[in-house]
Amino acid sequence: DFEELRIATLALSKSVEKLPFPSSMWLSGDETNLSLSVKDGRSAQLEDFLRGLCNLVYTGEIGSSTSEIALYVQTFLGCDNQLMSVHMREQVIGMTGTDRSHQQLSQAIKLYTYRLFLLPTFKALFKRFVNDVKRRATLIDERKTVTIQSAQSTIEKEKIIGELVTIKHVFSNIWNLIIDGCLADLDAIANSQDFSIIGTNVSSPDENLVYREALYRESIREQIEIHLYVPLRSTVSRLLVHGWRYDDKIFAYKVQALRRESQSFFKISLKNQSPSAWASVVHILSSGVGRSTLPCNKLKAIVNASKEIGRLSSQEHPGSSGKKSIPLGADDFLPIFIYCVINANIDRPCALCALLRNLCDETQQIG
């Protein structure tokens with residue numbers, strides 16, 4: 001697929017020839033005897049090639065060839081399917097004008113951040129950081145043990161957590177750098193007439209500042225993770241899977257037994273039990289958490305699942321005589337959430353928990 005994409009885009013622009021790309025011999029050869037470092041190196045070349053194509057859309061001369069390259073890249077990445085899903089979701093949920101403006105403003109902030117990251121200084125910084133993390137991860141890999149001794153396992157976990165915390169600090173520093181240097185530009189985007197409808201729903205200047213900071217943080221953070229976490233995903237996953245392998249084996253054994261149990265077993269009171277078995281919540285967890293790539297999106301899916309519990313409960317258990325249903329308290333909510341997690345079939349939840357607790361933005365780890 002990559003080779004076909006290169007052939008198609010090369011016919012449109014000679015600049016594609018300058019982008020890094022593995023030799024054709026590797027693409028058609030047998031990978032079974034290749035070392036992990038060689039595979040990682042060649043995977044990095046393919047990633048750099050794809051990023052280079054995306055950059056051409058913004059840095060190349062405006063013309064029909066640039067548009068065609070953009071279409072090839074969108075099709076290759078499945079963006080056309082994503083756009084369709086967004087369109088369908090708007091039809092089902094019925095987004096308000098404010099919600100749509102919020103989404104568009106978030107996309108504008110992400111695009112601005114993406115263009116910042118095209119600067120040579122950022123590209124060099126990111127490349128050096130990714131290489132440093134992979135080098136340190138290789139050292140941790142070389143010292144792995146296959147024993148189940150708790151002391152040795154704890155040491156391995158502490159090293160992995162230390163690496164995750166280092167990555168998180170770099171993410172935070174980049175965010176602070178963008179906010180300190182580009183706040184005026186971000187405010188100018190937010191003050192655009194295109195997003196004026198958002199201001200009509202903000203009651204005070206202080207509330208507007210809080211809203212903007214949250215939006216800037218969320219949008220910029222996601223773009224940072226796209227540029228820095230995605231190249232490190234396989235490296236980080238390898239460390240987490242090994243470090244929490246025994247925890248996840250034990251958890252999987254318990255989940256297999258618990259999945260057969262009813263809602264009553266989880267001490268969900270009869271008045272709160274869901275006729276749909278909380279299907280919509282389970283779907284959000286299995287798709288949003290289990291299939292998302294970015295940690296920030298996984299965390300967002302957990303929050304959305306929590307909100308969906310309240311919404312579904314109100315829908316399935318409306319108040320009597322037209323009265324509003326009473327919101328779930330913490331003692332009622334927690335058993336429901338546990339039941340949904342058990343039935344969501346999330347892969348390696350212990351490793352996932354370590355990832356989210358030690359890599360995600362601290363301001364989002366609340367509640």
# chains A, B, ... in the order shown; residues from 1 in each chain; ligands from 1

$ residues_around --residues "Leu352 in chain A" --least-positions-apart "6" --cutoff "10 Å" --atoms "only C-alpha atoms" --output "PDB file with N, CA and C atoms, in the first residue's frame"
ATOM      1  N   SER A 237       4.096   0.777  24.236  1.00  0.00           N
ATOM      2  CA  SER A 237       3.232  -0.404  24.402  1.00  0.00           C
ATOM      3  C   SER A 237       4.048  -1.636  24.769  1.00  0.00           C
ATOM      4  N   LEU A 240       4.963  -1.392  28.439  1.00  0.00           N
ATOM      5  CA  LEU A 240       3.812  -1.564  29.326  1.00  0.00           C
ATOM      6  C   LEU A 240       3.311  -3.004  29.336  1.00  0.00           C
ATOM      7  N   VAL A 241       3.229  -3.606  28.155  1.00  0.00           N
ATOM      8  CA  VAL A 241       2.737  -4.983  28.064  1.00  0.00           C
ATOM      9  C   VAL A 241       3.623  -5.919  28.862  1.00  0.00           C
ATOM     10  N   TRP A 244       3.434  -5.048  32.918  1.00  0.00           N
ATOM     11  CA  TRP A 244       2.186  -5.381  33.613  1.00  0.00           C
ATOM     12  C   TRP A 244       1.583  -6.688  33.089  1.00  0.00           C
ATOM     13  N   ASP A 248      -2.162  -8.215  34.148  1.00  0.00           N
ATOM     14  CA  ASP A 248      -3.213  -8.348  33.147  1.00  0.00           C
ATOM     15  C   ASP A 248      -3.668  -9.796  32.969  1.00  0.00           C
ATOM     16  N   VAL A 289     -12.099   3.679  24.213  1.00  0.00           N
ATOM     17  CA  VAL A 289     -10.909   3.371  25.009  1.00  0.00           C
ATOM     18  C   VAL A 289     -10.085   2.282  24.335  1.00  0.00           C
ATOM     19  N   GLY A 290     -10.753   1.208  23.938  1.00  0.00           N
ATOM     20  CA  GLY A 290     -10.028   0.065  23.407  1.00  0.00           C
ATOM     21  C   GLY A 290      -9.426   0.282  22.034  1.00  0.00           C
ATOM     22  N   PRO A 295      -3.639   8.624  24.078  1.00  0.00           N
ATOM     23  CA  PRO A 295      -4.054   8.554  25.485  1.00  0.00           C
ATOM     24  C   PRO A 295      -5.116   9.585  25.840  1.00  0.00           C
ATOM     25  N   LYS A 298      -8.431   8.291  24.798  1.00  0.00           N
ATOM     26  CA  LYS A 298      -8.862   7.193  25.681  1.00  0.00           C
ATOM     27  C   LYS A 298      -9.457   7.761  26.970  1.00  0.00           C
ATOM     28  N   ILE A 346     -11.882  -4.638  27.306  1.00  0.00           N
ATOM     29  CA  ILE A 346     -10.729  -3.777  27.033  1.00  0.00           C
ATOM     30  C   ILE A 346      -9.449  -4.597  27.158  1.00  0.00           C
TER      31      ILE A 346
END

$ closest_atom_pairs --of "range 169-197 of chain A" --to "range 214-236 of chain A" --cutoff "10 Å" --atoms "only C-alpha atoms" --output "CSV"
residue,atom,partner,partner_atom,distance
A:Val170,CA,A:Leu228,CA,9.7
A:Phe171,CA,A:Ile224,CA,6.7
A:Ser172,CA,A:Arg221,CA,8.3
A:Ile174,CA,A:Ile224,CA,7.9
A:Trp175,CA,A:Ile220,CA,6.8
A:Asn176,CA,A:Arg217,CA,9.4
A:Ile178,CA,A:Ile220,CA,8.4
A:Ile179,CA,A:Tyr216,CA,8.3
A:Leu183,CA,A:Tyr216,CA,9.3
A:Leu186,CA,A:Tyr216,CA,7.9
A:Asp187,CA,A:Tyr216,CA,9.6
A:Ala190,CA,A:Tyr216,CA,9.7

$ closest_residue --among "A:Arg42, A:Arg51, A:His317, A:Arg136" --to "Gln273 in chain A" --atoms "only C-alpha atoms"
A:His317

$ closest_residue --among "A:Leu53, A:Leu164, A:Leu19, A:Ile302" --to "Ser286 in chain A" --atoms "only C-alpha atoms"
A:Ile302

$ atom_distance --atom1 "CA of Glu68 in chain A" --atom2 "CA of Tyr112 in chain A"
22.6 Å

$ closest_residue --among "A:Ile161, A:Ala44, A:Val133, A:Leu111" --to "Asn358 in chain A" --atoms "only C-alpha atoms"
A:Ile161

$ residues_around --residues "Leu334 in chain A" --least-positions-apart "5" --cutoff "10 Å" --atoms "only C-alpha atoms" --output "PyMOL selection string"
chain A and resi 266-268+306+328-329+339-340

$ write_last_selection --atoms "C-alpha atoms" --output "PDB file, in the first residue's frame"
ATOM      1  CA  PHE A 266     -22.326  -6.191  41.079  1.00  0.00           C
ATOM      2  CA  LYS A 267     -24.727  -4.792  43.701  1.00  0.00           C
ATOM      3  CA  ILE A 268     -26.548  -2.588  41.210  1.00  0.00           C
ATOM      4  CA  SER A 306     -19.355   8.192  32.740  1.00  0.00           C
ATOM      5  CA  LEU A 328     -27.023   8.781  40.471  1.00  0.00           C
ATOM      6  CA  GLY A 329     -24.875   9.115  43.571  1.00  0.00           C
ATOM      7  CA  TYR A 339     -20.037  -3.671  35.370  1.00  0.00           C
ATOM      8  CA  CYS A 340     -19.505  -1.748  32.108  1.00  0.00           C
TER       9      CYS A 340
END

$ closest_residue --among "A:Leu177, A:Ile326, A:Ile69, A:Ala351" --to "Thr113 in chain A" --atoms "only C-alpha atoms"
A:Leu177

$ closest_residue --among "A:Gln315, A:Asn343, A:Ser264, A:Ser269" --to "Leu285 in chain A" --atoms "only C-alpha atoms"
A:Asn343

$ atom_distance --atom1 "CA of Gly52 in chain A" --atom2 "CA of Asp40 in chain A"
18.0 Å

$ residues_around --residues "Arg245 in chain A" --least-positions-apart "5" --cutoff "10 Å" --atoms "only C-alpha atoms" --output "PyMOL selection string"
chain A and resi 148+153+239-240+250-251+348+350-351

$ atom_distance --atom1 "CA of Ile155 in chain A" --atom2 "CA of Leu356 in chain A"
19.5 Å

$ select_by_dssp --residues "range 220-345 of chain A" --states "alpha helix (DSSP H)" --output "NGL selection string"
:A and (220-243 or 245-258 or 279-283 or 295-316 or 330-343)

$ closest_residue --among "A:Thr166, A:Ser192, A:Ser287, A:Thr66" --to "Gln104 in chain A" --atoms "only C-alpha atoms"
A:Ser192
